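K.L.:
Got a structure here, written out as structure tokens. Questions coming.
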Amino acid sequence: MTSDEIRKRFLAFFEARNHTVIPSASLVPENDPSVLFTTAGMQPLVPYLLGQEHPAGKRLVNVQKCVRTQDIEEVGDATHDTFFEMLGNWSLGDYFKKDAITWSYEFLTSKDEGLGLDPNRLYVTVFEGDEDAPKDEESAEIWKSLGIPEERIYFLGKEDNWWSPGDNGPCGPDSEMFYDLRPEVGPITNKEEFKKADDQSRVVEVWNDVFMEYEKKDGKVTGKLTQQNVDTGAGLERLAMVMQDKDNIFDTDLFAGIMKEVEGLASDTKKQRIIADHVRTAVLLISDGVVPSNTEQGYILRRLLRRAIFNTDNKEIPEESLAAIVGAIVFKYEAVYENMQNTSQFIQVIQKEQEAFKKTL
Ligand code: SER
């Protein structure tokens with residue numbers, strides 16, 4: 001199943017359940033100086049999660065462009081990237097745990113409407129409880145009622161099963177879904193085995209359902225919101241990896257065309273992946289109006305481009321390779337996101353930065 005088909009199926013699944021499709025917001029957050037980039041689908045929705053009425057209603061769904069750079073050093077392994085697409089559905093004070101979990105399960109496992117994944121390869125985690133919120137027995141019971149046996153449900157603490165966008169804002173316990181990439185090894189039957197399987201990338205997290213009914217202020221959970229929200233997020237790159245039976249995101253259809261154009265620039269796979277990832281993120285950022293500079297978003301863009309160039313064997317991306325890489329990126333996203341048609345402008349911005357970097361070197 002191609003990434004286009006996954007996006008389409010996701011939106012159609014939730015539209016059929018009365019969700020309104022909203023467009024992806026820009027990678028550069030509007031009216032939110034607390035973050036440089038949109039890092040999750042919920043970010044542009046914060047005012048509505050806090051109670052403001054959304055013009056499109058209480059049930060929303062979209063595919064959101066996201067950039068996260070905190071794991072930039074990990075890029076090059078099987079699953080890390082700096083730009084990614086997040087499939088998300090939201091309940092703004094409407095449905096809560098039962099519908100959210102049931103629909104996540106149905107989308108993942110339904111052959112007709114969803115991805116048709118094998119339910120026997122699904123593992124889930126839920127919040128174990130602490131002074132801020134009780135143990136999430138309710139979510140565990142819902143998972144059991146859907147057929148996930150107790151030995152594949154694990155209670156974990158805040159580090160794993162609590163989500164908030166930062167020190168302030170809506171937050172809450174979450175339930176994460178993992179898919180077993182190597183079922184032939186035999187079933188995982190307890191928390192310790194599961195954690196080991198996660199560390200070894202045998203299981204991959206494919207979706208996160210956050211039950212946003214709490215609020216955080218200055219890093220502390222201060223109490224409940226006036227409404228119970230649901231915020232979900234599924235990484236398209238990882239879903240594509242699972243659906244296309246690949247063991248890394250760079251072999252999926254989202255990256256394959258880009259990787260092909262990068263191959264000749266670096267002898268080592270990790271470096272090729274870094275170049276592919278960073279140029280991809282750079283193009284998406286430029287499409288949202290970012291230009292290389294020494295501050296804020298422009299600084300991150302500069303850093304990404306310089307790291308990409310630095311990882312080539314010759315410390316240079318020749319212009320014809322650059323044009324081919326940018327072309328492969330535009331090809332993947334021009335029908336999905338706005339402002340992706342300006343191929344020559346993308347090349348120009350990157351080329352100018354490359355010249356500046358050469359001087360610095
Ligand atoms: N906000 C949550 C996350 O980023 C779910 O979308 O994982």
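Residues are named by chain letter and number: chains run A, B, ... in the order of the structure tokens, numbers start at 1 in each chain, and ligands are numbered from 1 in the order shown.
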Using 9 Å as the limit and counting only C-alpha atoms and all ligand atoms, can you tabulate each residue of chain A that touches ligand 1, with its shortest atom-to-atom distance in Å and the two atoms involved, as a Markdown table?
P.N.:
| residue | atom | partner | partner_atom_place_in_ligand_line | distance |
| --- | --- | --- | --- | --- |
| A:Thr39 | CA | ligand 1 | 4 (O) | 7.2 |
| A:Ala40 | CA | ligand 1 | 4 (O) | 4.8 |
| A:Gly41 | CA | ligand 1 | 6 (O) | 6.0 |
| A:Met42 | CA | ligand 1 | 1 (N) | 5.6 |
| A:Gln43 | CA | ligand 1 | 1 (N) | 7.8 |
| A:Met86 | CA | ligand 1 | 6 (O) | 7.3 |
| A:Leu87 | CA | ligand 1 | 6 (O) | 7.9 |
| A:Gly88 | CA | ligand 1 | 6 (O) | 6.1 |
| A:Asn89 | CA | ligand 1 | 6 (O) | 8.1 |
| A:Trp90 | CA | ligand 1 | 6 (O) | 8.9 |
| A:Trp163 | CA | ligand 1 | 2 (C) | 6.2 |
| A:Ser164 | CA | ligand 1 | 1 (N) | 7.0 |
| A:Pro165 | CA | ligand 1 | 1 (N) | 7.0 |
| A:Cys171 | CA | ligand 1 | 1 (N) | 8.7 |
| A:Asp174 | CA | ligand 1 | 5 (C) | 8.2 |
| A:Glu176 | CA | ligand 1 | 7 (O) | 8.7 |
| A:Trp207 | CA | ligand 1 | 7 (O) | 7.5 |
| A:Asn208 | CA | ligand 1 | 5 (C) | 5.2 |
| A:Asp209 | CA | ligand 1 | 5 (C) | 5.9 |
| A:Val210 | CA | ligand 1 | 5 (C) | 5.7 |
| A:Val230 | CA | ligand 1 | 5 (C) | 8.8 |
| A:Asp231 | CA | ligand 1 | 6 (O) | 5.3 |
| A:Thr232 | CA | ligand 1 | 6 (O) | 4.0 |
| A:Gly233 | CA | ligand 1 | 6 (O) | 3.2 |
| A:Ala234 | CA | ligand 1 | 6 (O) | 6.8 |
| A:Gly235 | CA | ligand 1 | 7 (O) | 8.6 |
K.L.:
Compile the contact shell of stretch 21-35 of chain A as a list in words: residues with an atom at most 6 Å away, counting only C-alpha atoms, same-chain residues fewer than 2 positions apart removed.
P.N.:
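Residues meeting the cut-off are Phe37, Thr38, Leu60, Val61, Asn62, Val63 and Gln64 of chain A.
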K.L.:
Any idea what's packed within 8 Å of stretch 309-322 of chain A, counting only C-alpha atoms, ignoring anything in its chain fewer than 4 positions away? Could you give it as a PyMOL selection string?
P.N.:
chain A and resi 261-262+265-267+271-272+274-275+305+326+347+351+354
K.L.:
Write the residues you've just listed into a file as a PDB file, in the first residue's frame, and include C-alpha atoms for each of them.
P.N.:
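Result file is result.pdb:
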ATOM      1  CA  GLU A 261      19.155  10.525  -6.450  1.00  0.00           C
ATOM      2  CA  VAL A 262      21.332  10.783  -3.316  1.00  0.00           C
ATOM      3  CA  LEU A 265      26.887  11.541  -3.262  1.00  0.00           C
ATOM      4  CA  ALA A 266      28.071   9.464  -0.307  1.00  0.00           C
ATOM      5  CA  SER A 267      29.575   6.013  -0.010  1.00  0.00           C
ATOM      6  CA  LYS A 271      25.282   9.509   5.225  1.00  0.00           C
ATOM      7  CA  GLN A 272      22.985   9.020   2.226  1.00  0.00           C
ATOM      8  CA  ILE A 274      21.125  12.050   6.381  1.00  0.00           C
ATOM      9  CA  ILE A 275      21.413  13.900   3.074  1.00  0.00           C
ATOM     10  CA  LEU A 305      21.537  22.145   4.688  1.00  0.00           C
ATOM     11  CA  VAL A 326      14.652  18.435  -5.233  1.00  0.00           C
ATOM     12  CA  ILE A 347      17.119  24.833  -5.840  1.00  0.00           C
ATOM     13  CA  GLN A 351      22.450  26.563  -3.978  1.00  0.00           C
ATOM     14  CA  GLN A 354      25.847  25.966  -0.483  1.00  0.00           C
TER      15      GLN A 354
END
K.L.:
For A:Val291, which residue out of A:Ala324, A:Val349, A:Gly257, A:Lys196 is the nearest one, using only C-alpha atoms?
P.N.:
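Among the listed residues, the smallest separation from A:Val291 belongs to A:Val349.
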K.L.:
For A:Glu138, which residue out of A:Thr69, A:Thr226, A:Thr189, A:Ser175 is the nearest one, using only C-alpha atoms?
P.N.:
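Under the stated criterion, the closest residue is A:Ser175.
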K.L.:
Looking at only C-alpha atoms, which of A:Asp218, A:Asp253, A:Asp268, A:Glu237 is the one that sits closest to A:Phe83?
P.N.:
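Checking each candidate against A:Phe83, we get A:Glu237 as the closest.
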K.L.:
Work out how far apart atom CA of A:Phe211 and atom CA of A:Pro134 are and give it in Å to one decimal.
P.N.:
12.6 Å
K.L.:
Between atom CA of A:Thr252 and atom CA of A:Ala276, what is the distance, to one decimal in Å?
P.N.:
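Calculated distance between atom CA of A:Thr252 and atom CA of A:Ala276 is 12.8 Å.
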K.L.:
Can you list, as a list in words, every residue of stretch 28-118 of chain A that DSSP puts in alpha helix (DSSP H)?
P.N.:
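Listing alpha helix (DSSP H) positions across stretch 28-118 of chain A yields Val46, Pro47, Tyr48, Leu49, Lys97, Lys98, Asp99, Ala100, Ile101, Thr102, Trp103, Ser104, Tyr105, Glu106, Phe107, Leu108 and Thr109 of chain A.
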K.L.:
Report the distance between atom CA of A:Gln227 and atom CA of A:Phe155 in Å, rounded to one decimal place.
P.N.:
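Pair atom CA of A:Gln227 / atom CA of A:Phe155 returns 24.7 Å.
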K.L.:
Name all residues at most 10 Å from A:Asp4 (count only C-alpha atoms; drop same-chain ones fewer than 5 positions away) and give them as a list in words.
P.N.:
Arg9, Leu236, Ala240, Asp253, Leu254, Lys332, Tyr333, Ala335 and Val336 of chain A
K.L.:
Once you have the residues from the selection above, write them out as an mmCIF file, in the first residue's frame, restricted to N, CA and C atoms.
P.N.:
data_model
loop_
_atom_site.group_PDB
_atom_site.id
_atom_site.type_symbol
_atom_site.label_atom_id
_atom_site.label_comp_id
_atom_site.auth_asym_id
_atom_site.auth_seq_id
_atom_site.Cartn_x
_atom_site.Cartn_y
_atom_site.Cartn_z
ATOM 1 N N ARG A 9 -6.920 6.513 2.809
ATOM 2 C CA ARG A 9 -7.736 5.621 3.637
ATOM 3 C C ARG A 9 -7.993 6.201 5.025
ATOM 4 N N LEU A 236 3.226 8.685 9.344
ATOM 5 C CA LEU A 236 3.025 8.084 8.022
ATOM 6 C C LEU A 236 4.236 7.263 7.579
ATOM 7 N N ALA A 240 4.052 3.410 6.571
ATOM 8 C CA ALA A 240 4.452 2.975 5.227
ATOM 9 C C ALA A 240 5.476 1.844 5.336
ATOM 10 N N ASP A 253 8.154 4.026 -0.149
ATOM 11 C CA ASP A 253 7.949 4.846 -1.355
ATOM 12 C C ASP A 253 8.138 6.339 -1.068
ATOM 13 N N LEU A 254 8.047 6.730 0.221
ATOM 14 C CA LEU A 254 8.210 8.153 0.554
ATOM 15 C C LEU A 254 9.641 8.609 0.315
ATOM 16 N N LYS A 332 6.972 13.834 -4.812
ATOM 17 C CA LYS A 332 6.250 13.126 -3.746
ATOM 18 C C LYS A 332 5.201 13.992 -3.061
ATOM 19 N N TYR A 333 5.423 15.310 -3.033
ATOM 20 C CA TYR A 333 4.551 16.147 -2.185
ATOM 21 C C TYR A 333 3.719 17.201 -2.907
ATOM 22 N N ALA A 335 1.283 17.072 -4.903
ATOM 23 C CA ALA A 335 -0.168 16.870 -4.919
ATOM 24 C C ALA A 335 -0.742 16.830 -3.503
ATOM 25 N N VAL A 336 0.126 16.843 -2.506
ATOM 26 C CA VAL A 336 -0.347 16.685 -1.121
ATOM 27 C C VAL A 336 -0.385 18.020 -0.374
#
K.L.:
Would you list the contacts of A:Leu284 as a PyMOL selection string, taking every protein, DNA or RNA residue within 10 Å and counting only C-alpha atoms, but skipping same-chain residues closer than 2 positions in sequence?
P.N.:
chain A and resi 26-27+65-67+83+278-282+286-290+329-330+333+337-340+346
